[in-house]
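Reproduced below: query38.cif, with mmCIF, C-alpha atoms and all ligand atoms.
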data_query
#
loop_
_atom_site.label_atom_id
_atom_site.label_comp_id
_atom_site.auth_asym_id
_atom_site.auth_seq_id
_atom_site.Cartn_x
_atom_site.Cartn_y
_atom_site.Cartn_z
CA MET A 1 -224.11 35.65 41.55
CA LYS A 2 -224.58 38.81 39.51
CA LYS A 3 -221.53 40.22 41.22
CA LEU A 4 -219.47 37.21 40.26
CA ILE A 5 -220.51 37.42 36.63
CA ALA A 6 -219.72 41.13 36.49
CA ALA A 7 -216.38 40.53 38.06
CA VAL A 8 -215.61 37.75 35.62
CA LEU A 9 -216.57 40.01 32.73
CA VAL A 10 -214.29 42.77 33.93
CA ALA A 11 -211.55 40.22 34.39
CA ALA A 12 -212.10 38.86 30.89
CA MET A 13 -211.81 42.38 29.54
CA SER A 14 -208.58 42.95 31.34
CA ILE A 15 -207.19 39.63 30.16
CA SER A 16 -207.93 40.57 26.57
CA LEU A 17 -206.34 43.95 27.21
CA ALA A 18 -203.28 42.21 28.56
CA ALA A 19 -203.25 40.00 25.48
CA CYS A 20 -203.24 43.08 23.24
CA GLY A 21 -200.35 44.42 25.24
CA SER A 22 -198.27 41.34 24.62
CA LYS A 23 -196.85 41.82 21.15
CA LYS A 24 -196.09 38.17 20.49
CA GLU A 25 -199.14 36.31 21.55
CA GLU A 26 -198.19 32.89 20.20
CA GLU A 27 -195.01 32.63 22.19
CA PRO A 28 -194.81 30.74 25.47
CA ALA A 29 -195.77 32.85 28.47
CA SER A 30 -192.30 32.78 29.97
CA ALA A 31 -190.42 34.15 26.99
CA PRO A 32 -192.04 37.30 25.57
CA THR A 33 -191.09 39.84 28.20
CA LEU A 34 -187.38 39.52 27.73
CA GLU A 35 -187.69 39.09 24.04
CA ASN A 36 -189.83 42.16 23.52
CA GLN A 37 -187.40 44.22 25.48
CA GLU A 38 -184.44 43.01 23.48
CA THR A 39 -186.26 43.58 20.23
CA GLU A 40 -187.14 47.08 21.24
CA ALA A 41 -183.68 47.86 22.46
CA GLU A 42 -182.11 46.65 19.22
CA ALA A 43 -184.65 48.14 16.85
CA PRO A 44 -183.44 51.28 15.09
CA GLN A 45 -185.00 54.34 16.70
CA PRO A 46 -185.25 57.16 14.16
CA GLU A 47 -186.43 59.55 16.85
CA ALA A 48 -184.21 58.32 19.62
CA GLU A 49 -184.60 61.50 21.63
CA GLU A 50 -188.30 60.79 22.17
CA PRO A 51 -188.53 57.12 23.09
CA LYS A 52 -191.81 57.60 24.95
CA GLU A 53 -193.64 58.53 21.77
CA SER A 54 -192.95 55.27 19.97
CA GLU A 55 -196.57 54.16 19.85
CA PRO A 56 -199.14 55.63 17.48
CA ALA A 57 -201.27 58.28 19.17
CA THR A 58 -204.61 56.92 18.06
CA GLU A 59 -206.63 58.20 20.98
CA ASP A 60 -204.96 61.52 21.62
CA PRO A 61 -205.21 64.10 18.86
CA ALA A 62 -202.77 66.45 20.62
CA PRO A 63 -199.39 66.83 18.92
CA SER A 64 -196.93 64.35 20.40
CA SER A 65 -194.45 67.02 21.47
CA GLU A 66 -197.11 68.74 23.55
CA PRO A 67 -197.20 67.30 27.10
CA ALA A 68 -200.59 66.39 28.56
CA ALA A 69 -202.20 68.77 31.03
CA GLU A 70 -199.93 69.60 33.95
CA PHE A 71 -200.42 67.53 37.04
CA THR A 72 -199.62 68.54 40.57
CA THR A 73 -198.60 66.34 43.47
CA VAL A 74 -198.94 66.76 47.22
CA THR A 75 -195.22 67.44 47.48
CA GLU A 76 -193.50 68.88 44.44
CA GLY A 77 -191.27 66.38 42.68
CA VAL A 78 -192.60 63.50 44.76
CA LEU A 79 -195.26 60.85 44.13
CA THR A 80 -196.64 60.03 47.58
CA MET A 81 -198.15 56.57 47.73
CA GLY A 82 -200.43 55.35 50.49
CA THR A 83 -200.39 51.62 51.14
CA ASN A 84 -200.85 49.02 53.84
CA ALA A 85 -197.69 46.94 53.91
CA THR A 86 -199.21 43.73 55.27
CA PHE A 87 -200.23 42.39 51.90
CA PRO A 88 -197.54 40.13 50.43
CA PRO A 89 -196.44 39.91 47.66
CA TYR A 90 -197.93 43.29 46.71
CA GLU A 91 -196.54 45.23 49.69
CA PHE A 92 -194.64 43.96 52.69
CA TYR A 93 -191.62 44.78 54.79
CA GLU A 94 -188.16 43.50 54.10
CA GLY A 95 -186.21 44.91 57.04
CA GLU A 96 -187.11 48.59 57.13
CA ASN A 97 -188.13 48.77 53.48
CA ILE A 98 -191.51 48.25 51.92
CA ILE A 99 -191.08 46.09 48.85
CA GLY A 100 -193.34 44.11 46.52
CA ILE A 101 -195.25 44.34 43.26
CA ASP A 102 -196.96 47.64 44.08
CA ALA A 103 -193.76 49.24 45.36
CA GLU A 104 -191.96 48.31 42.14
CA VAL A 105 -194.78 49.33 39.82
CA ALA A 106 -195.16 52.66 41.66
CA GLU A 107 -191.41 53.28 41.63
CA LEU A 108 -191.34 52.96 37.84
CA LEU A 109 -194.53 55.00 37.40
CA ALA A 110 -192.99 57.78 39.48
CA GLU A 111 -189.79 57.60 37.45
CA LYS A 112 -191.72 57.92 34.19
CA LEU A 113 -193.47 60.98 35.57
CA GLY A 114 -190.15 62.50 36.62
CA LEU A 115 -190.98 62.08 40.31
CA ARG A 116 -189.39 60.42 43.33
CA LEU A 117 -191.54 57.81 45.10
CA GLU A 118 -192.36 58.09 48.77
CA ILE A 119 -194.37 55.35 50.47
CA VAL A 120 -196.60 56.03 53.46
CA ASP A 121 -197.71 52.93 55.37
CA MET A 122 -201.18 53.24 56.90
CA ASP A 123 -204.27 51.22 57.77
CA PHE A 124 -205.94 49.85 54.66
CA THR A 125 -209.16 51.59 55.66
CA ALA A 126 -207.37 54.99 55.65
CA ILE A 127 -206.06 54.81 52.09
CA VAL A 128 -209.12 56.00 50.12
CA THR A 129 -209.70 58.92 52.48
CA SER A 130 -206.03 59.86 52.33
CA VAL A 131 -206.21 60.00 48.54
CA GLN A 132 -209.46 61.91 48.69
CA THR A 133 -208.19 64.52 51.15
CA GLY A 134 -204.83 64.99 49.45
CA LYS A 135 -202.70 63.41 52.14
CA VAL A 136 -201.21 61.15 49.49
CA ASP A 137 -201.29 61.29 45.69
CA VAL A 138 -202.11 57.67 45.05
CA GLY A 139 -203.32 54.55 46.80
CA VAL A 140 -201.44 51.49 45.58
CA ALA A 141 -202.41 48.58 47.76
CA GLY A 142 -203.65 45.65 45.70
CA MET A 143 -206.75 47.78 45.73
CA THR A 144 -209.77 46.50 43.89
CA VAL A 145 -211.76 48.80 41.65
CA ASP A 146 -215.07 48.80 43.40
CA GLU A 147 -218.28 50.81 43.01
CA GLU A 148 -218.31 52.11 46.55
CA ARG A 149 -214.74 53.43 46.26
CA LEU A 150 -215.48 54.96 42.86
CA LYS A 151 -217.88 57.33 44.62
CA ASN A 152 -214.90 58.85 46.43
CA VAL A 153 -211.85 58.35 44.21
CA ASP A 154 -210.91 57.59 40.63
CA PHE A 155 -208.91 54.59 39.52
CA THR A 156 -206.31 54.21 36.80
CA ASP A 157 -206.53 51.35 34.34
CA SER A 158 -206.02 47.97 35.96
CA TYR A 159 -202.52 46.49 36.26
CA ALA A 160 -203.33 43.14 37.87
CA THR A 161 -206.11 40.67 38.60
CA GLY A 162 -207.10 39.71 42.12
CA VAL A 163 -209.10 36.71 43.25
CA GLN A 164 -210.93 36.36 46.54
CA VAL A 165 -210.23 32.89 47.92
CA ILE A 166 -211.13 30.95 51.05
CA ILE A 167 -208.57 29.71 53.56
CA VAL A 168 -209.64 26.85 55.83
CA PRO A 169 -207.96 24.47 58.29
CA GLN A 170 -206.69 21.37 56.48
CA ASP A 171 -209.36 19.16 58.09
CA SER A 172 -212.23 21.61 57.51
CA GLN A 173 -215.72 20.49 56.45
CA ILE A 174 -215.90 23.55 54.21
CA ALA A 175 -215.16 22.33 50.70
CA SER A 176 -216.42 25.15 48.53
CA VAL A 177 -217.96 28.60 48.54
CA ASP A 178 -221.38 26.91 48.82
CA ASP A 179 -220.52 25.73 52.34
CA LEU A 180 -220.01 29.18 53.85
CA GLU A 181 -223.62 29.66 54.95
CA GLY A 182 -223.84 29.65 58.74
CA LYS A 183 -220.06 29.68 59.18
CA LEU A 184 -218.00 32.33 60.93
CA ILE A 185 -215.87 34.08 58.33
CA GLY A 186 -212.72 36.07 59.11
CA VAL A 187 -211.90 38.98 56.80
CA GLN A 188 -209.62 41.99 56.63
CA GLU A 189 -211.51 45.12 57.60
CA GLY A 190 -212.61 47.41 54.78
CA THR A 191 -211.62 45.05 51.99
CA THR A 192 -213.84 43.83 49.20
CA GLY A 193 -213.79 40.38 50.84
CA HIS A 194 -215.34 42.04 53.91
CA THR A 195 -218.05 43.64 51.76
CA TYR A 196 -218.89 40.48 49.78
CA CYS A 197 -219.13 38.30 52.88
CA SER A 198 -221.26 40.83 54.77
CA ASP A 199 -223.57 41.16 51.75
CA ASP A 200 -223.81 37.44 51.05
CA TYR A 201 -223.85 35.94 54.56
CA GLY A 202 -224.82 38.84 56.86
CA GLU A 203 -222.79 41.01 59.26
CA ASP A 204 -223.19 38.50 62.08
CA SER A 205 -221.33 35.84 60.15
CA VAL A 206 -218.30 38.05 59.61
CA VAL A 207 -215.44 38.96 61.94
CA ALA A 208 -213.26 41.80 60.63
CA TYR A 209 -209.58 41.99 61.60
CA ASN A 210 -207.18 44.85 61.16
CA ASN A 211 -205.07 42.93 58.66
CA GLY A 212 -204.91 39.59 56.87
CA ALA A 213 -202.23 38.10 59.11
CA THR A 214 -204.37 38.67 62.21
CA ALA A 215 -207.37 37.09 60.51
CA VAL A 216 -205.28 34.03 59.64
CA GLN A 217 -204.02 33.84 63.23
CA ALA A 218 -207.63 33.84 64.45
CA LEU A 219 -208.35 30.98 62.03
CA GLN A 220 -205.48 28.98 63.45
CA GLN A 221 -206.81 29.56 66.95
CA GLY A 222 -210.23 28.31 65.89
CA LYS A 223 -211.93 31.68 66.43
CA VAL A 224 -213.33 31.68 62.88
CA ASP A 225 -214.12 28.82 60.47
CA CYS A 226 -212.44 30.31 57.41
CA VAL A 227 -210.81 33.47 56.08
CA VAL A 228 -211.80 35.18 52.83
CA ILE A 229 -208.93 37.17 51.40
CA ASP A 230 -207.07 37.93 48.15
CA LYS A 231 -205.33 34.92 46.64
CA GLN A 232 -201.68 36.02 46.62
CA PRO A 233 -201.54 37.09 50.27
CA ALA A 234 -203.50 33.91 51.04
CA ILE A 235 -200.72 31.86 49.46
CA SER A 236 -198.11 33.71 51.55
CA PHE A 237 -200.09 33.27 54.78
CA VAL A 238 -200.73 29.58 54.19
CA GLU A 239 -197.04 29.02 53.44
CA ALA A 240 -196.13 30.73 56.69
CA ASN A 241 -198.71 28.93 58.86
CA GLU A 242 -199.07 25.21 59.47
CA GLY A 243 -202.27 23.29 58.96
CA LEU A 244 -204.11 25.57 56.54
CA LYS A 245 -205.13 25.25 52.91
CA ILE A 246 -206.72 27.37 50.20
CA LEU A 247 -209.88 26.00 48.59
CA ASP A 248 -209.77 25.55 44.82
CA THR A 249 -213.07 27.32 44.50
CA GLU A 250 -212.72 31.02 43.73
CA TYR A 251 -215.15 33.44 45.35
CA VAL A 252 -214.82 36.64 43.28
CA ILE A 253 -212.42 37.79 40.54
CA GLU A 254 -211.51 41.47 40.52
CA ASP A 255 -209.21 44.15 39.11
CA TYR A 256 -206.46 45.97 40.98
CA ALA A 257 -205.76 49.58 40.05
CA VAL A 258 -204.20 52.75 41.45
CA ALA A 259 -206.55 55.08 43.34
CA VAL A 260 -206.20 58.77 42.46
CA SER A 261 -208.08 61.86 43.58
CA LYS A 262 -211.10 62.81 41.47
CA GLU A 263 -209.67 66.34 41.50
CA ASN A 264 -206.45 65.30 39.81
CA THR A 265 -207.43 63.91 36.41
CA ALA A 266 -204.16 65.23 34.96
CA LEU A 267 -202.25 62.93 37.31
CA LYS A 268 -204.57 60.04 36.48
CA ASP A 269 -204.01 60.60 32.75
CA ALA A 270 -200.25 60.76 33.19
CA LEU A 271 -200.29 57.58 35.29
CA ASN A 272 -202.44 55.80 32.72
CA ALA A 273 -200.07 56.76 29.90
CA ALA A 274 -197.08 55.52 31.91
CA LEU A 275 -198.93 52.37 32.96
CA LYS A 276 -199.86 51.61 29.36
CA GLU A 277 -196.20 51.77 28.34
CA MET A 278 -195.30 49.44 31.20
CA ILE A 279 -198.04 46.97 30.29
CA ASP A 280 -197.27 47.09 26.57
CA ASP A 281 -193.52 46.55 26.97
CA GLY A 282 -193.97 43.69 29.42
CA THR A 283 -192.59 45.52 32.47
CA VAL A 284 -195.68 44.97 34.61
CA GLN A 285 -195.81 41.27 33.70
CA LYS A 286 -192.14 40.93 34.55
CA ILE A 287 -192.73 42.42 38.01
CA LEU A 288 -195.75 40.15 38.58
CA ASP A 289 -193.73 37.10 37.50
CA LYS A 290 -190.92 38.06 39.86
CA TYR A 291 -193.21 37.86 42.89
CA ILE A 292 -195.89 35.38 41.82
CA LYS A 293 -194.82 31.81 41.23
CA ALA A 294 -196.40 30.06 38.24
CA GLU A 295 -198.99 27.52 39.34
N1 LIG B 301 -208.19 43.70 47.07
C1 LIG B 301 -208.77 43.91 48.35
C2 LIG B 301 -209.48 45.24 48.37
O1 LIG B 301 -209.18 46.08 47.58
C3 LIG B 301 -207.76 43.83 49.48
C4 LIG B 301 -206.65 44.81 49.39
C5 LIG B 301 -205.73 44.87 50.61
O2 LIG B 301 -206.04 44.33 51.64
N2 LIG B 301 -204.61 45.52 50.49
O3 LIG B 301 -210.32 45.46 49.18
#
Written form, structure tokens:
Amino acid sequence: MKKLIAAVLVAAMSISLAACGSKKEEEPASAPTLENQETEAEAPQPEAEEPKESEPATEDPAPSSEPAAEFTTVTEGVLTMGTNATFPPYEFYEGENIIGIDAEVAELLAEKLGLRLEIVDMDFTAIVTSVQTGKVDVGVAGMTVDEERLKNVDFTDSYATGVQVIIVPQDSQIASVDDLEGKLIGVQEGTTGHTYCSDDYGEDSVVAYNNGATAVQALQQGKVDCVVIDKQPAISFVEANEGLKILDTEYVIEDYAVAVSKENTALKDALNAALKEMIDDGTVQKILDKYIKAE
């Protein structure tokens, strides 16, 4: 329960952060993004040659013309992103290309840093190590900021909220999170859902699959009683598979952020500055809205 409260607190903080970022809070949720952009585009820009410096530098005493500390990347001129492209709508394949929320956010982050984005698809469990060992610069994978991972990598500020939900067969006896005791729970290996379920219900109650789609397949075949996974992929999987539903009850609320090496704080700072601009001007919200249907 403590975990849930902490997660809710973090989520509440990020919601209020998001609210600060939205310049016109009273307007309906669907309108502000476009409107802010138009307003900004039309507003006179006295220092048009430095559009990135349009916000007051309250936290950073350094002169605005002075760039932050230099960052390096694994390959010069390239931001190499590790992901696991089985996680719609954050990352998934469309033909040969990996698309989705994370791909779009990372593409724009790279652009703001003057870099070209390269995406490396790998097992989810390999992402943190790849960041840590300098195989990739960043892990962008709907990845939850989590204490265990923080021992090995840093995270940028959060750009989205994740929710762990429970998928069950339509005729399941499981009606809420309180019914999971004694049930066989399918999870995606190495995810926070895996950790929570192992902690709360014991290793023996959990079956870990290589990815979410395989876990959902196992559910359909009756090999597990439910699947605990992030809400947005859950919605995609349930849409694509007959006879399943997502319980209304939410298990844990969490924050997604970009994993960066602890050795590369300059890159983390640069990413945070770019991310802040993209949150403040509504770009991140626009990307989320493109892929996530309003409920
Ligand atoms: N948000 C979950 C985690 O970070 C799942 C992420 C994923 O499977 N891509 O563990």
Please report, as a Markdown table, each residue of chain A lying at most 6 Å from ligand LIG 301 (chain B), together with the nearest pair of atoms and the separation in Å rounded to one decimal; use only C-alpha atoms and all ligand atoms, and order rows by chain and ascending residue number.
| residue | atom | partner | partner_atom | distance |
| --- | --- | --- | --- | --- |
| A:Phe87 | CA | B:LIG301 | N2 | 5.6 |
| A:Ala141 | CA | B:LIG301 | N2 | 4.7 |
| A:Gly142 | CA | B:LIG301 | C4 | 4.8 |
| A:Met143 | CA | B:LIG301 | O1 | 3.5 |
| A:Thr144 | CA | B:LIG301 | O1 | 3.8 |
| A:Thr191 | CA | B:LIG301 | O3 | 3.1 |
| A:Thr192 | CA | B:LIG301 | O3 | 3.9 |
| A:Asp230 | CA | B:LIG301 | N1 | 6.0 |
I want to know what sits within 12 Å of A:Leu244, based on all atoms listed in the file, with residues of the same chain fewer than 5 positions away left out; could you give that as a PyMOL selection string?
chain A and resi 166-172+216-222+225-227+234-239
For A:Ile99, which of A:Thr86, A:Ser198, A:Thr161, A:Gln188 is the closest residue, counting all atoms listed in the file?
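Once distances to A:Ile99 are computed over all atoms listed in the file, the minimum belongs to A:Thr86.
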Contacts of A:Thr72 at 9 Å (all atoms listed in the file; same-chain gap of 3+ positions) as a PyMOL selection string
chain A and resi 75-77+264+266-267
Would you list the residues near (-197.8, 53.9, 30.3) (no more than 12 Å away, in the coordinates of the file, using all atoms listed in the file) as a PyMOL selection string?
chain A and resi 21+52-55+105-106+108-113+156-159+268-284
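Of the residues under consideration (A:Pro88, A:Gly114, A:Gly182, A:Gly100), A:Gly182 shows the shortest atom-to-atom contact distance to A:Asp200 when counting all atoms listed in the file.
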As JSON, please: the centre and edge lengths in Å, to one decimal, of an axis-aligned box enclosing every listed atom of stretch 255-266 of chain A with 8 Å added on each side.
{"center_x": -207.6, "center_y": 55.2, "center_z": 39.3, "size_x": 22.9, "size_y": 38.2, "size_z": 24.6}
Take atom CA of A:Leu288 and atom CA of A:Leu117 and report the distance between them in Å, one decimal.
19.3 Å
By how many Å are atom CA of A:Asp154 and atom CA of A:Gln285 apart?
23.3 Å
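Residue nearest A:Thr129 within the list A:Ser205, A:Val165, A:Lys262, A:Asp255: A:Lys262 [criterion: smallest interatomic distance, all atoms listed in the file].
Ranking A:Gly186, A:Gly212, A:Pro233, A:Gly202 by their shortest atom-to-atom distance to A:Val163, with only C-alpha atoms included, puts A:Pro233 first.
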Here atom CA of A:Asn97 and atom CA of A:Ala160 stand apart by 22.5 Å
Which of these, A:Ala85, A:Ile229, A:Val260, A:Ala213, has the shortest distance to A:Gly190 once you count all atoms listed in the file?
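Nearest to A:Gly190: A:Ile229.
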Find the spatial neighbours of A:Val74, counting all atoms listed in the file, within a cut-off of 12 Å - ignore same-chain residues fewer than 5 positions away - and output them as an mmCIF file with C-alpha atoms, keeping the file's coordinate frame.
data_model
loop_
_atom_site.group_PDB
_atom_site.id
_atom_site.type_symbol
_atom_site.label_atom_id
_atom_site.label_comp_id
_atom_site.auth_asym_id
_atom_site.auth_seq_id
_atom_site.Cartn_x
_atom_site.Cartn_y
_atom_site.Cartn_z
ATOM 1 C CA LEU A 79 -195.260 60.850 44.130
ATOM 2 C CA THR A 80 -196.640 60.030 47.580
ATOM 3 C CA MET A 81 -198.150 56.570 47.730
ATOM 4 C CA GLY A 82 -200.430 55.350 50.490
ATOM 5 C CA LEU A 115 -190.980 62.080 40.310
ATOM 6 C CA LEU A 117 -191.540 57.810 45.100
ATOM 7 C CA GLU A 118 -192.360 58.090 48.770
ATOM 8 C CA SER A 130 -206.030 59.860 52.330
ATOM 9 C CA VAL A 131 -206.210 60.000 48.540
ATOM 10 C CA GLN A 132 -209.460 61.910 48.690
ATOM 11 C CA THR A 133 -208.190 64.520 51.150
ATOM 12 C CA GLY A 134 -204.830 64.990 49.450
ATOM 13 C CA LYS A 135 -202.700 63.410 52.140
ATOM 14 C CA VAL A 136 -201.210 61.150 49.490
ATOM 15 C CA ASP A 137 -201.290 61.290 45.690
ATOM 16 C CA VAL A 138 -202.110 57.670 45.050
ATOM 17 C CA VAL A 260 -206.200 58.770 42.460
ATOM 18 C CA SER A 261 -208.080 61.860 43.580
ATOM 19 C CA ASN A 264 -206.450 65.300 39.810
ATOM 20 C CA LEU A 267 -202.250 62.930 37.310
#
Nearby residues, (-201.5, 51.8, 51.2) file frame, 6 Å, all atoms listed in the file, as a PyMOL selection string
chain A and resi 82-84+121-122+124+127+139-141
Kindly indicate which residue among A:Lys231, A:Ala215, A:Ile119, A:His194 lies nearest to A:Ile292, using all atoms listed in the file for the distances.
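Of the candidates, the smallest distance to A:Ile292 is held by A:Lys231.
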Because some atoms of stretch 117-131 of chain A are absent here, can you restore N, CA, C and O atoms and send them as a PDB file, in the frame of the given file?
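Okay, out06.pdb is ready:
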ATOM      1  N   LEU A 117    -190.449  58.482  44.377  1.00  0.00           N
ATOM      2  CA  LEU A 117    -191.540  57.810  45.100  1.00  0.00           C
ATOM      3  C   LEU A 117    -191.327  57.860  46.607  1.00  0.00           C
ATOM      4  O   LEU A 117    -190.233  57.604  47.094  1.00  0.00           O
ATOM      5  N   GLU A 118    -192.373  58.203  47.317  1.00  0.00           N
ATOM      6  CA  GLU A 118    -192.360  58.090  48.770  1.00  0.00           C
ATOM      7  C   GLU A 118    -193.545  57.252  49.201  1.00  0.00           C
ATOM      8  O   GLU A 118    -194.670  57.515  48.760  1.00  0.00           O
ATOM      9  N   ILE A 119    -193.285  56.253  50.048  1.00  0.00           N
ATOM     10  CA  ILE A 119    -194.370  55.350  50.470  1.00  0.00           C
ATOM     11  C   ILE A 119    -194.778  55.657  51.905  1.00  0.00           C
ATOM     12  O   ILE A 119    -193.931  55.769  52.783  1.00  0.00           O
ATOM     13  N   VAL A 120    -196.078  55.817  52.111  1.00  0.00           N
ATOM     14  CA  VAL A 120    -196.600  56.030  53.460  1.00  0.00           C
ATOM     15  C   VAL A 120    -197.426  54.802  53.839  1.00  0.00           C
ATOM     16  O   VAL A 120    -198.413  54.474  53.173  1.00  0.00           O
ATOM     17  N   ASP A 121    -196.993  54.115  54.909  1.00  0.00           N
ATOM     18  CA  ASP A 121    -197.710  52.930  55.370  1.00  0.00           C
ATOM     19  C   ASP A 121    -198.842  53.351  56.312  1.00  0.00           C
ATOM     20  O   ASP A 121    -198.627  54.147  57.219  1.00  0.00           O
ATOM     21  N   MET A 122    -200.023  52.839  56.066  1.00  0.00           N
ATOM     22  CA  MET A 122    -201.180  53.240  56.900  1.00  0.00           C
ATOM     23  C   MET A 122    -202.186  52.086  56.942  1.00  0.00           C
ATOM     24  O   MET A 122    -202.027  51.099  56.220  1.00  0.00           O
ATOM     25  N   ASP A 123    -203.205  52.227  57.766  1.00  0.00           N
ATOM     26  CA  ASP A 123    -204.270  51.220  57.770  1.00  0.00           C
ATOM     27  C   ASP A 123    -204.907  51.152  56.391  1.00  0.00           C
ATOM     28  O   ASP A 123    -205.078  52.190  55.738  1.00  0.00           O
ATOM     29  N   PHE A 124    -205.308  49.965  55.983  1.00  0.00           N
ATOM     30  CA  PHE A 124    -205.940  49.850  54.660  1.00  0.00           C
ATOM     31  C   PHE A 124    -207.178  50.747  54.571  1.00  0.00           C
ATOM     32  O   PHE A 124    -207.423  51.389  53.554  1.00  0.00           O
ATOM     33  N   THR A 125    -207.913  50.813  55.663  1.00  0.00           N
ATOM     34  CA  THR A 125    -209.160  51.590  55.660  1.00  0.00           C
ATOM     35  C   THR A 125    -208.904  53.097  55.525  1.00  0.00           C
ATOM     36  O   THR A 125    -209.838  53.851  55.255  1.00  0.00           O
ATOM     37  N   ALA A 126    -207.669  53.546  55.728  1.00  0.00           N
ATOM     38  CA  ALA A 126    -207.370  54.990  55.650  1.00  0.00           C
ATOM     39  C   ALA A 126    -206.944  55.422  54.249  1.00  0.00           C
ATOM     40  O   ALA A 126    -206.858  56.621  53.966  1.00  0.00           O
ATOM     41  N   ILE A 127    -206.698  54.463  53.362  1.00  0.00           N
ATOM     42  CA  ILE A 127    -206.060  54.810  52.090  1.00  0.00           C
ATOM     43  C   ILE A 127    -206.976  55.673  51.202  1.00  0.00           C
ATOM     44  O   ILE A 127    -206.561  56.728  50.711  1.00  0.00           O
ATOM     45  N   VAL A 128    -208.217  55.243  51.012  1.00  0.00           N
ATOM     46  CA  VAL A 128    -209.120  56.000  50.120  1.00  0.00           C
ATOM     47  C   VAL A 128    -209.302  57.433  50.629  1.00  0.00           C
ATOM     48  O   VAL A 128    -209.198  58.394  49.864  1.00  0.00           O
ATOM     49  N   THR A 129    -209.533  57.573  51.915  1.00  0.00           N
ATOM     50  CA  THR A 129    -209.700  58.920  52.480  1.00  0.00           C
ATOM     51  C   THR A 129    -208.431  59.743  52.307  1.00  0.00           C
ATOM     52  O   THR A 129    -208.497  60.946  52.036  1.00  0.00           O
ATOM     53  N   SER A 130    -207.287  59.127  52.477  1.00  0.00           N
ATOM     54  CA  SER A 130    -206.030  59.860  52.330  1.00  0.00           C
ATOM     55  C   SER A 130    -205.829  60.360  50.903  1.00  0.00           C
ATOM     56  O   SER A 130    -205.285  61.442  50.690  1.00  0.00           O
ATOM     57  N   VAL A 131    -206.277  59.562  49.941  1.00  0.00           N
ATOM     58  CA  VAL A 131    -206.210  60.000  48.540  1.00  0.00           C
ATOM     59  C   VAL A 131    -207.186  61.148  48.320  1.00  0.00           C
ATOM     60  O   VAL A 131    -206.867  62.176  47.730  1.00  0.00           O
TER      61      VAL A 131
END
